[in-house]
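To start, the structure itself, in structure tokens.
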Amino acid sequence: MGSNQDGPTGPDLTQGISQDQVADGGSLAGQVAGEGVLLARRGDEWFAISTACSHYSGPLPEGLIVGETVRCPWHHACFSLRTGESLRPPGLHDVSCYVVEVRDGKIFVPGAKVKPARRSDSRRTQPKSIVIIGGGAAGDSAAATLRREGYDGSITIVDADADAPYDRPNCSKDYLAGNAPEDWLPLRPADFERTQRIDRLRGRRASELDPVARRVRLDDGSTLDYGALLLATGASPIRLGSDVDSGKTPVYYLRTLADSRAIIAAAGNARRVVVVGASFIGLEVAASLRARELEVHVVGSEPLPLQRVVGPELGRFVKALHEEHGVVFHLGTKPRTVGAGKVTLEDGSELAADFVVAGIGVRPNLELAESAGLKVDRGLEVSELLETSAPGIFAAGDIARWPDPHTGERIRVEHWVVAQRQGRAAARNMLGNGERFAAVPFFWSQHYDVPINYVGHAEKWDRIEVEGNIAERDCAVRFVRGGRTLALATIYRDKESLEFEASLEGARPQPEIVL
Ligand SMILES: Cc1cc2nc3c(=O)[nH]c(=O)nc-3n(C[C@H](O)[C@H](O)[C@H](O)COP(=O)(O)OP(=O)(O)OC[C@H]3O[C@@H](n4cnc5c(N)ncnc54)[C@H](O)[C@@H]3O)c2cc1C
Ligand code: FES
């Protein structure tokens, strides 16, 4: 999904518009000095903020207004209409907020901007120092939130990946396809952490955690004491066993920017690639390498790609979409061996390969938590406040298994937006906010020009309801259990996706299911 590059449209709001042009609860897209401005009305109150989302510049006028917020149609960032504050990731910063004047029944946005206030609450907890292990999606979001919330103590991020923080989802999409330059990938401006007094220890790994002494040991032997700690160590790709990988053909995995660079370099000298795993990552890699004109074969153990997550109807569509772009599937099978220049499948058939990319799932990085004696059960167990079994140690992102109020189950997901939102919530709770984490899970995936958005969480369902037409790329697919829609996958039905998210939050009634 690219950025929204159309120029601003709609009336010049410096000249004023009639009040009647916007109904109560409605909004209008206009412009001020060449900038897009969303004007919204709530009763007698008027709000004006930028039209461009601070993630990938998604068009906020096409989003959903819920109370005093607007949600972005592309990946569900949420902004305050009153202040422009980024209330929920993936928005990376606040958007501009404008003064609105009402004169003689007309509404004007003269152009003056409102400066958002920095929060500071002396009644809250102020741990002496905060250490964050893992500065990816969750860790970065936590550090930025701590400063935003007025925390003044020291913040240290320890991250094994010297390139972090960057836009990890892009590593399998536009960047890998050659459609996005590397300078689009950093999440923050180069001086962000310096100006925010966030100390990042790059390329450093935490190797030991002592929850009683409140101390972390790093791989160079140095130690850090903490008042509160966030574990946000993410996940690592599962590797092919040495029984399968003979070491005679390069096998790549994709988790980091360095991995993505390595695949790009390999693609430059190759003609044929075998992707093992018809997962989201495997398929996004397949699409990106087709864009680089490689011959791509995908080997997957499921009968249809993504079937376990999005069901057979969307699975069939995704398969056909990739086939239209020249991908060849080998499904219901696994590689027996990766040998010299070829992959041999279980039935003995052989696929020529200059290199292999394996996307067969990830494992949460739990070693540090396990060795510190924290409670681990298919993920690091956290409370509804995202605190682990050790007081003062919080967890967020791919490692955390939390009590999800929407399903009533403990769940662990591997979604960018969830990791960022948990980082934010954990940061606020480190400062004593006592905020229950109740965000509705959301992820997106991109295949060529087709985005799939998924809201909610359904590991099992009794039936799938398809509204619209999947083949025509205009659909909403409901995953229903016990008469309740647990999750909704959409293609080009962004408003419905946002409405469903709001309904799970209780901010909107759940849409009726028509049988
Ligand atoms: C290629 C790719 C594409 C993706 N696309 C999407 C998408 O389209 N949509 C979506 O919703 N999700 C997507 N995801 C998933 C999403 O990126 C993850 O869910 C998210 O990054 C998890 O955030 P995190 O903070 O838990 O972990 P990460 O972002 O992985 O950050 C963890 C960090 O911890 C560091 N670390 C680990 N152990 C240690 C240690 N002991 N000491 C110090 N540092 C340590 C790692 O180096 C890493 O930088 C994608 C993932 C990948 C790999
Ligand atoms: S562009 Fe707005 S959330 Fe991604």
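Each chain in the structure tokens gets a letter, A, B, ..., in the order shown, and its residues are numbered from 1; ligands are numbered from 1 in order too.
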
Which residues come within 10 Å of Gly111 in chain A, counting only C-alpha atoms, excluding same-chain residues fewer than 2 positions away, as a PDB file with N, CA, C and O atoms, in the first residue's frame?
ATOM      1  N   LEU A  13     -11.054  26.401   3.106  1.00  0.00           N
ATOM      2  CA  LEU A  13     -11.718  26.660   4.386  1.00  0.00           C
ATOM      3  C   LEU A  13     -11.329  28.001   4.990  1.00  0.00           C
ATOM      4  O   LEU A  13     -11.971  28.460   5.925  1.00  0.00           O
ATOM      5  N   THR A  14     -10.295  28.655   4.440  1.00  0.00           N
ATOM      6  CA  THR A  14      -9.968  30.001   4.943  1.00  0.00           C
ATOM      7  C   THR A  14     -11.062  30.993   4.516  1.00  0.00           C
ATOM      8  O   THR A  14     -11.238  32.035   5.136  1.00  0.00           O
ATOM      9  N   GLN A  31      -9.460  22.425   2.276  1.00  0.00           N
ATOM     10  CA  GLN A  31      -8.025  22.722   2.267  1.00  0.00           C
ATOM     11  C   GLN A  31      -7.733  24.090   2.864  1.00  0.00           C
ATOM     12  O   GLN A  31      -8.588  24.972   2.861  1.00  0.00           O
ATOM     13  N   VAL A  32      -6.517  24.179   3.388  1.00  0.00           N
ATOM     14  CA  VAL A  32      -6.040  25.436   3.976  1.00  0.00           C
ATOM     15  C   VAL A  32      -4.590  25.606   3.531  1.00  0.00           C
ATOM     16  O   VAL A  32      -3.759  24.746   3.842  1.00  0.00           O
ATOM     17  N   ALA A  33      -4.320  26.640   2.791  1.00  0.00           N
ATOM     18  CA  ALA A  33      -2.958  26.933   2.317  1.00  0.00           C
ATOM     19  C   ALA A  33      -2.299  25.701   1.692  1.00  0.00           C
ATOM     20  O   ALA A  33      -1.158  25.364   2.015  1.00  0.00           O
ATOM     21  N   GLU A  35      -2.883  22.602   2.171  1.00  0.00           N
ATOM     22  CA  GLU A  35      -2.867  21.380   3.003  1.00  0.00           C
ATOM     23  C   GLU A  35      -4.290  20.850   3.108  1.00  0.00           C
ATOM     24  O   GLU A  35      -5.237  21.633   3.270  1.00  0.00           O
ATOM     25  N   VAL A  37      -7.441  19.487   4.891  1.00  0.00           N
ATOM     26  CA  VAL A  37      -7.965  19.636   6.254  1.00  0.00           C
ATOM     27  C   VAL A  37      -9.336  18.964   6.353  1.00  0.00           C
ATOM     28  O   VAL A  37     -10.214  19.184   5.522  1.00  0.00           O
ATOM     29  N   ALA A  48     -10.937  20.673  13.328  1.00  0.00           N
ATOM     30  CA  ALA A  48     -10.227  20.638  12.039  1.00  0.00           C
ATOM     31  C   ALA A  48      -8.838  20.040  12.245  1.00  0.00           C
ATOM     32  O   ALA A  48      -8.056  20.544  13.049  1.00  0.00           O
ATOM     33  N   CYS A  97      -3.452  20.143  13.880  1.00  0.00           N
ATOM     34  CA  CYS A  97      -4.794  20.468  14.350  1.00  0.00           C
ATOM     35  C   CYS A  97      -4.961  21.973  14.199  1.00  0.00           C
ATOM     36  O   CYS A  97      -4.029  22.735  14.494  1.00  0.00           O
ATOM     37  N   TYR A  98      -6.120  22.428  13.718  1.00  0.00           N
ATOM     38  CA  TYR A  98      -6.307  23.836  13.368  1.00  0.00           C
ATOM     39  C   TYR A  98      -7.370  24.497  14.242  1.00  0.00           C
ATOM     40  O   TYR A  98      -8.331  23.850  14.679  1.00  0.00           O
ATOM     41  N   VAL A  99      -7.191  25.789  14.418  1.00  0.00           N
ATOM     42  CA  VAL A  99      -8.207  26.600  15.096  1.00  0.00           C
ATOM     43  C   VAL A  99      -9.403  26.745  14.146  1.00  0.00           C
ATOM     44  O   VAL A  99      -9.220  26.946  12.944  1.00  0.00           O
ATOM     45  N   VAL A 100     -10.632  26.626  14.685  1.00  0.00           N
ATOM     46  CA  VAL A 100     -11.841  26.825  13.868  1.00  0.00           C
ATOM     47  C   VAL A 100     -12.596  28.027  14.430  1.00  0.00           C
ATOM     48  O   VAL A 100     -12.751  28.155  15.646  1.00  0.00           O
ATOM     49  N   PHE A 108     -14.922  29.011   9.578  1.00  0.00           N
ATOM     50  CA  PHE A 108     -13.634  29.354   8.967  1.00  0.00           C
ATOM     51  C   PHE A 108     -12.509  28.562   9.629  1.00  0.00           C
ATOM     52  O   PHE A 108     -12.532  28.351  10.846  1.00  0.00           O
ATOM     53  N   VAL A 109     -11.547  28.174   8.822  1.00  0.00           N
ATOM     54  CA  VAL A 109     -10.305  27.610   9.374  1.00  0.00           C
ATOM     55  C   VAL A 109      -9.197  28.535   8.882  1.00  0.00           C
ATOM     56  O   VAL A 109      -8.686  28.387   7.775  1.00  0.00           O
ATOM     57  N   LYS A 113      -2.404  26.873  13.809  1.00  0.00           N
ATOM     58  CA  LYS A 113      -2.387  25.492  14.298  1.00  0.00           C
ATOM     59  C   LYS A 113      -2.404  25.459  15.823  1.00  0.00           C
ATOM     60  O   LYS A 113      -1.861  26.339  16.482  1.00  0.00           O
ATOM     61  N   VAL A 114      -3.028  24.426  16.356  1.00  0.00           N
ATOM     62  CA  VAL A 114      -3.095  24.234  17.810  1.00  0.00           C
ATOM     63  C   VAL A 114      -1.910  23.362  18.199  1.00  0.00           C
ATOM     64  O   VAL A 114      -1.664  22.344  17.557  1.00  0.00           O
TER      65      VAL A 114
END

Skip range 68-70 of chain A itself and residues of its chain fewer than 5 positions away, then list as a PyMOL selection string all residues within 8 Å of it, counting only C-alpha atoms.
chain A and resi 42+60+63+78-82

Using only C-alpha atoms for the distances, tell me which of A:Ser371, A:Gln19, A:Pro110, A:Phe437 is nearest to Ala395 in chain A.
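Smallest distance to Ala395 in chain A is found for A:Phe437.
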
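All residues, whether protein, DNA or RNA, that have an atom at most 8 Å from ligand 2 (counting only C-alpha atoms and all ligand atoms) are Ser3, Ala52, Cys53, Ser54, His55, Tyr56, Ser57, Gly58, Pro59, Leu60, Arg71, Cys72, Pro73, Trp74, His75, His76, Ala77, Cys78, Pro89, Pro90 and Gly91 of chain A.
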
Which residues form the shell of 6 Å around ligand 1 when you count only C-alpha atoms and all ligand atoms, given as a compact mmCIF listing (two decimals) with all heavy atoms, in the first residue's frame?
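What landed in part-v1.txt:
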# COMPACT_ATOMS: atom_id res chain seq x y z
N ILE A 133 13.83 -4.02 26.61
CA ILE A 133 14.63 -5.02 25.87
C ILE A 133 13.89 -5.32 24.57
O ILE A 133 12.82 -5.93 24.59
CB ILE A 133 14.78 -6.35 26.66
CG1 ILE A 133 15.15 -6.10 28.11
CG2 ILE A 133 15.78 -7.28 25.96
CD1 ILE A 133 16.56 -5.74 28.35
N GLY A 134 14.48 -4.91 23.45
CA GLY A 134 13.83 -5.07 22.15
C GLY A 134 13.20 -3.76 21.75
O GLY A 134 12.22 -3.33 22.35
N GLY A 135 13.78 -3.11 20.73
CA GLY A 135 13.28 -1.80 20.32
C GLY A 135 12.66 -1.84 18.95
O GLY A 135 12.91 -0.98 18.11
N GLY A 136 11.84 -2.87 18.68
CA GLY A 136 11.09 -2.95 17.41
C GLY A 136 9.75 -2.25 17.58
O GLY A 136 9.67 -1.18 18.20
N ALA A 137 8.70 -2.87 17.05
CA ALA A 137 7.38 -2.22 17.05
C ALA A 137 6.95 -1.85 18.47
O ALA A 137 6.60 -0.70 18.75
CB ALA A 137 6.35 -3.16 16.42
N ALA A 138 6.97 -2.81 19.37
CA ALA A 138 6.45 -2.57 20.72
C ALA A 138 7.40 -1.68 21.53
O ALA A 138 6.96 -0.73 22.19
CB ALA A 138 6.24 -3.90 21.44
N GLY A 139 8.70 -1.96 21.46
CA GLY A 139 9.67 -1.22 22.26
C GLY A 139 9.74 0.25 21.85
O GLY A 139 9.77 1.15 22.70
N VAL A 158 17.62 -1.67 24.71
CA VAL A 158 18.69 -2.58 24.31
C VAL A 158 18.16 -3.35 23.11
O VAL A 158 17.11 -3.98 23.21
CB VAL A 158 19.01 -3.59 25.44
CG1 VAL A 158 20.18 -4.47 25.04
CG2 VAL A 158 19.27 -2.88 26.75
N ASP A 159 18.83 -3.27 21.98
CA ASP A 159 18.33 -4.01 20.82
C ASP A 159 19.46 -4.68 20.05
O ASP A 159 20.43 -4.04 19.66
CB ASP A 159 17.53 -3.11 19.88
CG ASP A 159 16.64 -3.96 18.96
OD1 ASP A 159 17.13 -4.98 18.42
OD2 ASP A 159 15.45 -3.64 18.82
N ALA A 160 19.28 -5.98 19.83
CA ALA A 160 20.28 -6.77 19.12
C ALA A 160 20.39 -6.34 17.66
O ALA A 160 21.43 -6.56 17.02
CB ALA A 160 19.88 -8.25 19.21
N ASP A 161 19.33 -5.75 17.12
CA ASP A 161 19.31 -5.37 15.70
C ASP A 161 19.77 -3.92 15.57
O ASP A 161 19.06 -3.00 15.98
CB ASP A 161 17.88 -5.55 15.17
CG ASP A 161 17.76 -5.27 13.68
OD1 ASP A 161 18.69 -4.66 13.10
OD2 ASP A 161 16.75 -5.67 13.09
N ALA A 164 17.29 -1.27 13.91
CA ALA A 164 15.96 -0.94 14.46
C ALA A 164 15.94 0.49 15.00
O ALA A 164 16.98 1.00 15.42
CB ALA A 164 15.61 -1.93 15.57
N ARG A 168 9.07 -2.86 9.73
CA ARG A 168 9.30 -4.28 9.44
C ARG A 168 8.33 -4.82 8.37
O ARG A 168 8.75 -5.55 7.48
CB ARG A 168 9.18 -5.08 10.74
CG ARG A 168 9.72 -6.50 10.68
CD ARG A 168 9.63 -7.21 12.03
NE ARG A 168 10.31 -6.55 13.11
CZ ARG A 168 11.62 -6.56 13.30
NH1 ARG A 168 12.40 -7.23 12.49
NH2 ARG A 168 12.17 -5.92 14.32
N PRO A 169 7.01 -4.48 8.43
CA PRO A 169 6.10 -5.02 7.41
C PRO A 169 6.55 -4.73 5.98
O PRO A 169 6.28 -5.50 5.06
CB PRO A 169 4.76 -4.35 7.74
CG PRO A 169 4.82 -4.16 9.23
CD PRO A 169 6.26 -3.77 9.49
N CYS A 171 9.44 -4.88 4.85
CA CYS A 171 10.58 -5.71 4.46
C CYS A 171 10.17 -6.87 3.55
O CYS A 171 11.00 -7.47 2.87
CB CYS A 171 11.29 -6.27 5.70
SG CYS A 171 12.10 -4.99 6.65
N SER A 172 8.86 -7.21 3.55
CA SER A 172 8.41 -8.27 2.64
C SER A 172 7.58 -7.69 1.50
O SER A 172 7.17 -8.43 0.60
CB SER A 172 7.56 -9.30 3.40
OG SER A 172 6.54 -8.66 4.12
N ARG A 204 23.25 -4.64 20.74
CA ARG A 204 23.54 -5.22 22.06
C ARG A 204 22.41 -6.17 22.43
O ARG A 204 21.25 -5.87 22.22
CB ARG A 204 23.57 -4.15 23.15
CG ARG A 204 24.83 -3.38 23.37
CD ARG A 204 25.75 -4.06 24.37
NE ARG A 204 26.58 -5.10 23.73
CZ ARG A 204 27.66 -4.87 23.03
NH1 ARG A 204 28.10 -3.65 22.88
NH2 ARG A 204 28.34 -5.87 22.49
N ARG A 205 22.75 -7.31 22.98
CA ARG A 205 21.76 -8.32 23.35
C ARG A 205 21.70 -8.45 24.87
O ARG A 205 22.74 -8.48 25.53
CB ARG A 205 22.18 -9.67 22.72
CG ARG A 205 21.23 -10.81 22.94
CD ARG A 205 21.61 -11.99 22.09
NE ARG A 205 21.26 -11.78 20.70
CZ ARG A 205 20.02 -11.94 20.22
NH1 ARG A 205 19.05 -12.35 20.99
NH2 ARG A 205 19.78 -11.73 18.94
N ALA A 206 20.49 -8.51 25.43
CA ALA A 206 20.34 -8.79 26.86
C ALA A 206 20.45 -10.30 27.03
O ALA A 206 19.80 -11.06 26.31
CB ALA A 206 18.98 -8.30 27.35
N SER A 207 21.32 -10.73 27.97
CA SER A 207 21.56 -12.17 28.06
C SER A 207 21.06 -12.76 29.38
O SER A 207 20.92 -13.96 29.51
CB SER A 207 23.04 -12.47 27.89
OG SER A 207 23.78 -11.65 28.77
N ALA A 232 10.21 -6.85 25.08
CA ALA A 232 9.57 -6.72 23.76
C ALA A 232 10.51 -7.35 22.74
O ALA A 232 10.95 -6.69 21.80
CB ALA A 232 9.30 -5.26 23.45
N THR A 233 10.83 -8.61 22.97
CA THR A 233 11.89 -9.27 22.19
C THR A 233 11.39 -9.89 20.88
O THR A 233 12.19 -10.47 20.14
CB THR A 233 12.60 -10.34 23.04
OG1 THR A 233 11.61 -11.15 23.67
CG2 THR A 233 13.46 -9.71 24.12
N GLY A 234 10.08 -9.82 20.61
CA GLY A 234 9.59 -10.26 19.31
C GLY A 234 9.73 -11.75 19.09
O GLY A 234 9.68 -12.55 20.03
N ALA A 235 9.94 -12.12 17.85
CA ALA A 235 9.95 -13.54 17.48
C ALA A 235 11.05 -13.78 16.46
O ALA A 235 11.57 -12.85 15.85
CB ALA A 235 8.59 -13.92 16.90
N LEU A 254 13.19 -14.46 6.70
CA LEU A 254 12.93 -13.02 6.65
C LEU A 254 12.32 -12.52 7.96
O LEU A 254 11.15 -12.78 8.25
CB LEU A 254 11.99 -12.70 5.47
CG LEU A 254 11.58 -11.24 5.30
CD1 LEU A 254 12.76 -10.29 5.33
CD2 LEU A 254 10.80 -11.04 4.01
N ARG A 255 13.12 -11.83 8.74
CA ARG A 255 12.61 -11.16 9.93
C ARG A 255 13.10 -9.71 9.98
O ARG A 255 12.40 -8.83 10.41
CB ARG A 255 13.08 -11.89 11.20
CG ARG A 255 12.58 -11.30 12.49
CD ARG A 255 11.10 -11.58 12.71
NE ARG A 255 10.54 -10.76 13.76
CZ ARG A 255 9.28 -10.83 14.16
NH1 ARG A 255 8.43 -11.68 13.59
NH2 ARG A 255 8.83 -10.05 15.11
N ILE A 281 3.94 -14.23 5.13
CA ILE A 281 5.29 -13.78 4.76
C ILE A 281 5.72 -14.48 3.47
O ILE A 281 6.23 -13.83 2.54
CB ILE A 281 6.30 -14.12 5.89
CG1 ILE A 281 5.91 -13.43 7.18
CG2 ILE A 281 7.75 -13.79 5.48
CD1 ILE A 281 6.39 -12.05 7.37
N GLY A 397 3.89 -7.14 22.50
CA GLY A 397 4.24 -7.58 21.14
C GLY A 397 4.14 -9.08 20.97
O GLY A 397 3.39 -9.77 21.67
N ASP A 398 4.94 -9.59 20.04
CA ASP A 398 4.82 -11.00 19.62
C ASP A 398 5.02 -11.99 20.76
O ASP A 398 4.61 -13.14 20.66
CB ASP A 398 5.86 -11.30 18.53
CG ASP A 398 5.48 -10.75 17.16
OD1 ASP A 398 4.45 -10.06 17.07
OD2 ASP A 398 6.23 -11.00 16.19
N GLU A 414 0.71 -12.12 16.19
CA GLU A 414 1.93 -11.56 15.59
C GLU A 414 1.53 -10.47 14.62
O GLU A 414 1.56 -10.66 13.41
CB GLU A 414 2.72 -12.69 14.90
CG GLU A 414 3.29 -13.68 15.90
CD GLU A 414 3.40 -15.10 15.37
OE1 GLU A 414 3.20 -15.30 14.16
OE2 GLU A 414 3.66 -16.01 16.18
N HIS A 415 1.03 -9.36 15.17
CA HIS A 415 0.54 -8.26 14.34
C HIS A 415 1.28 -6.97 14.73
O HIS A 415 1.40 -6.63 15.91
CB HIS A 415 -0.94 -7.97 14.57
CG HIS A 415 -1.87 -9.14 14.42
ND1 HIS A 415 -1.52 -10.34 13.85
CD2 HIS A 415 -3.17 -9.26 14.77
CE1 HIS A 415 -2.57 -11.14 13.86
NE2 HIS A 415 -3.58 -10.53 14.42
N TRP A 416 1.69 -6.25 13.73
CA TRP A 416 2.42 -4.98 13.90
C TRP A 416 1.66 -4.00 14.79
O TRP A 416 2.19 -3.45 15.76
CB TRP A 416 2.65 -4.40 12.51
CG TRP A 416 3.37 -3.10 12.46
CD1 TRP A 416 2.83 -1.87 12.19
CD2 TRP A 416 4.78 -2.88 12.66
NE1 TRP A 416 3.81 -0.91 12.20
CE2 TRP A 416 5.01 -1.51 12.48
CE3 TRP A 416 5.85 -3.72 12.95
CZ2 TRP A 416 6.27 -0.93 12.61
CZ3 TRP A 416 7.12 -3.15 13.08
CH2 TRP A 416 7.31 -1.78 12.91
N VAL A 417 0.39 -3.78 14.44
CA VAL A 417 -0.39 -2.76 15.14
C VAL A 417 -0.63 -3.16 16.60
O VAL A 417 -0.59 -2.32 17.51
CB VAL A 417 -1.73 -2.57 14.38
CG1 VAL A 417 -2.71 -1.74 15.19
CG2 VAL A 417 -1.48 -1.92 13.03
N ALA A 419 1.35 -5.00 18.45
CA ALA A 419 2.62 -4.81 19.16
C ALA A 419 2.79 -3.33 19.54
O ALA A 419 3.14 -3.00 20.68
CB ALA A 419 3.79 -5.27 18.30
N PHE A 443 -4.76 -6.81 11.71
CA PHE A 443 -3.57 -6.88 10.86
C PHE A 443 -3.96 -6.69 9.41
O PHE A 443 -5.13 -6.80 9.04
CB PHE A 443 -2.78 -8.19 11.04
CG PHE A 443 -3.40 -9.42 10.42
CD1 PHE A 443 -3.20 -9.71 9.06
CD2 PHE A 443 -4.16 -10.28 11.17
CE1 PHE A 443 -3.76 -10.84 8.48
CE2 PHE A 443 -4.73 -11.42 10.60
CZ PHE A 443 -4.53 -11.70 9.26
N TRP A 444 -2.96 -6.37 8.62
CA TRP A 444 -3.19 -6.28 7.18
C TRP A 444 -2.09 -7.04 6.46
O TRP A 444 -1.04 -7.33 7.02
CB TRP A 444 -3.22 -4.82 6.73
CG TRP A 444 -1.87 -4.20 6.52
CD1 TRP A 444 -1.21 -4.04 5.33
CD2 TRP A 444 -0.99 -3.64 7.53
NE1 TRP A 444 0.01 -3.43 5.55
CE2 TRP A 444 0.17 -3.18 6.88
CE3 TRP A 444 -1.09 -3.50 8.91
CZ2 TRP A 444 1.22 -2.58 7.55
CZ3 TRP A 444 -0.04 -2.90 9.59
CH2 TRP A 444 1.10 -2.46 8.91
N SER A 445 -2.42 -7.40 5.23
CA SER A 445 -1.41 -8.05 4.39
C SER A 445 -1.64 -7.54 2.97
O SER A 445 -2.76 -7.16 2.62
CB SER A 445 -1.61 -9.57 4.47
OG SER A 445 -0.64 -10.23 3.69

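CA of Leu431 in chain A is found 5.9 Å from CA of Arg124 in chain A.
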
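If you measure from each of A:Lys128, A:Arg412, A:His330, A:His297 to Glu346 in chain A using only C-alpha atoms, the closest one turns out to be A:His330.
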
Which residues, written as a short mmCIF file (atom, residue, chain, number, x, y, z; two decimals) with all heavy atoms, in the first residue's frame, have at least one atom at most 10 Å from Lys460 in chain A, with only C-alpha atoms counted and residues fewer than 6 positions away on the same chain left out?
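This went into result-v5.cif:
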data_model
loop_
_atom_site.label_atom_id
_atom_site.label_comp_id
_atom_site.auth_asym_id
_atom_site.auth_seq_id
_atom_site.Cartn_x
_atom_site.Cartn_y
_atom_site.Cartn_z
N ARG A 308 -5.94 -21.74 7.12
CA ARG A 308 -6.13 -21.85 8.57
C ARG A 308 -6.50 -20.49 9.18
O ARG A 308 -7.24 -20.41 10.14
CB ARG A 308 -4.81 -22.36 9.20
CG ARG A 308 -4.92 -22.86 10.61
CD ARG A 308 -3.58 -23.40 11.08
NE ARG A 308 -2.46 -22.50 10.82
CZ ARG A 308 -2.18 -21.40 11.53
NH1 ARG A 308 -2.92 -21.08 12.56
NH2 ARG A 308 -1.15 -20.64 11.23
N VAL A 309 -6.05 -19.41 8.58
CA VAL A 309 -6.31 -18.08 9.15
C VAL A 309 -7.54 -17.42 8.51
O VAL A 309 -8.38 -16.85 9.20
CB VAL A 309 -5.09 -17.15 8.98
CG1 VAL A 309 -5.31 -15.82 9.67
CG2 VAL A 309 -3.85 -17.81 9.53
N GLY A 311 -9.68 -18.96 6.00
CA GLY A 311 -10.69 -19.85 5.45
C GLY A 311 -10.47 -20.17 3.98
O GLY A 311 -9.65 -19.54 3.31
N PHE A 479 -16.18 -14.39 10.19
CA PHE A 479 -15.86 -15.68 10.82
C PHE A 479 -16.75 -15.75 12.07
O PHE A 479 -16.58 -14.98 13.01
CB PHE A 479 -14.37 -15.75 11.15
CG PHE A 479 -13.54 -15.60 9.90
CD1 PHE A 479 -13.18 -14.34 9.42
CD2 PHE A 479 -13.18 -16.72 9.15
CE1 PHE A 479 -12.46 -14.19 8.25
CE2 PHE A 479 -12.45 -16.58 7.98
CZ PHE A 479 -12.10 -15.32 7.53
N VAL A 480 -17.73 -16.67 12.02
CA VAL A 480 -18.80 -16.68 13.01
C VAL A 480 -18.70 -17.91 13.89
O VAL A 480 -18.51 -19.03 13.39
CB VAL A 480 -20.18 -16.67 12.29
CG1 VAL A 480 -21.32 -16.61 13.30
CG2 VAL A 480 -20.27 -15.51 11.32
N ARG A 481 -18.81 -17.70 15.22
CA ARG A 481 -18.90 -18.85 16.13
C ARG A 481 -20.02 -18.59 17.12
O ARG A 481 -20.08 -17.51 17.71
CB ARG A 481 -17.57 -19.06 16.87
CG ARG A 481 -17.51 -20.42 17.56
CD ARG A 481 -16.11 -20.74 18.03
NE ARG A 481 -15.77 -19.99 19.21
CZ ARG A 481 -14.52 -19.73 19.60
NH1 ARG A 481 -13.50 -20.15 18.89
NH2 ARG A 481 -14.27 -19.06 20.70
N LEU A 486 -16.64 -13.24 15.17
CA LEU A 486 -15.42 -13.06 15.95
C LEU A 486 -14.40 -12.21 15.19
O LEU A 486 -13.58 -11.52 15.79
CB LEU A 486 -14.78 -14.41 16.26
CG LEU A 486 -15.56 -15.34 17.19
CD1 LEU A 486 -14.81 -16.64 17.37
CD2 LEU A 486 -15.78 -14.67 18.54
#

Can you check which residues of range 361-491 of chain A DSSP gives as helix (DSSP H, G or I) on the backbone and send them as a list in words?
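Across range 361-491 of chain A, those assigned helix (DSSP H, G or I) are Glu367, Leu368, Ala369, Glu370, Ser371, Gly397, Asp398, Ile399, Trp416, Val417, Val418, Ala419, Gln420, Arg421, Gln422, Gly423, Arg424, Ala425, Ala426, Ala427, Arg428, Asn429 and Met430 of chain A.
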
Exercise: Val450 in chain A partners within 10 Å, only C-alpha atoms, chain neighbours under 6 positions left out, as a compact mmCIF listing (two decimals) with all heavy atoms, in the first residue's frame:
# COMPACT_ATOMS: atom_id res chain seq x y z
N MET A 1 0.84 -1.18 0.00
CA MET A 1 0.00 0.00 0.00
C MET A 1 0.88 1.23 0.00
O MET A 1 1.71 1.41 0.86
CB MET A 1 -0.88 -0.04 1.24
CG MET A 1 -1.97 0.98 1.21
SD MET A 1 -3.21 0.66 2.47
CE MET A 1 -3.76 -0.96 2.04
N VAL A 318 -6.70 -15.96 -2.95
CA VAL A 318 -5.28 -15.58 -2.84
C VAL A 318 -4.44 -16.46 -3.77
O VAL A 318 -3.53 -15.99 -4.45
CB VAL A 318 -4.81 -15.68 -1.37
CG1 VAL A 318 -3.30 -15.60 -1.26
CG2 VAL A 318 -5.45 -14.57 -0.53
N LEU A 321 -4.99 -15.32 -7.32
CA LEU A 321 -4.35 -14.01 -7.52
C LEU A 321 -2.85 -14.19 -7.80
O LEU A 321 -2.29 -13.59 -8.72
CB LEU A 321 -4.56 -13.15 -6.26
CG LEU A 321 -3.89 -11.80 -6.18
CD1 LEU A 321 -4.46 -10.87 -7.25
CD2 LEU A 321 -4.10 -11.16 -4.80
N ARG A 473 -12.86 -8.45 -5.76
CA ARG A 473 -12.08 -7.68 -4.80
C ARG A 473 -12.92 -6.63 -4.08
O ARG A 473 -12.52 -5.47 -3.95
CB ARG A 473 -10.90 -6.99 -5.50
CG ARG A 473 -10.04 -7.99 -6.15
CD ARG A 473 -9.13 -7.42 -7.18
NE ARG A 473 -8.50 -8.50 -7.91
CZ ARG A 473 -7.37 -8.41 -8.54
NH1 ARG A 473 -6.73 -7.28 -8.56
NH2 ARG A 473 -6.87 -9.44 -9.17
N ILE A 491 -11.72 -6.89 1.76
CA ILE A 491 -10.91 -6.37 0.65
C ILE A 491 -11.65 -5.15 0.12
O ILE A 491 -12.82 -5.26 -0.29
CB ILE A 491 -10.72 -7.43 -0.45
CG1 ILE A 491 -9.99 -8.65 0.11
CG2 ILE A 491 -9.98 -6.84 -1.65
CD1 ILE A 491 -9.84 -9.80 -0.86
N TYR A 492 -10.98 -4.02 0.15
CA TYR A 492 -11.56 -2.74 -0.28
C TYR A 492 -12.92 -2.44 0.34
O TYR A 492 -13.81 -1.91 -0.32
CB TYR A 492 -11.62 -2.67 -1.82
CG TYR A 492 -10.25 -2.54 -2.43
CD1 TYR A 492 -9.79 -3.48 -3.35
CD2 TYR A 492 -9.41 -1.50 -2.07
CE1 TYR A 492 -8.50 -3.37 -3.89
CE2 TYR A 492 -8.13 -1.39 -2.61
CZ TYR A 492 -7.69 -2.32 -3.52
OH TYR A 492 -6.44 -2.20 -4.05
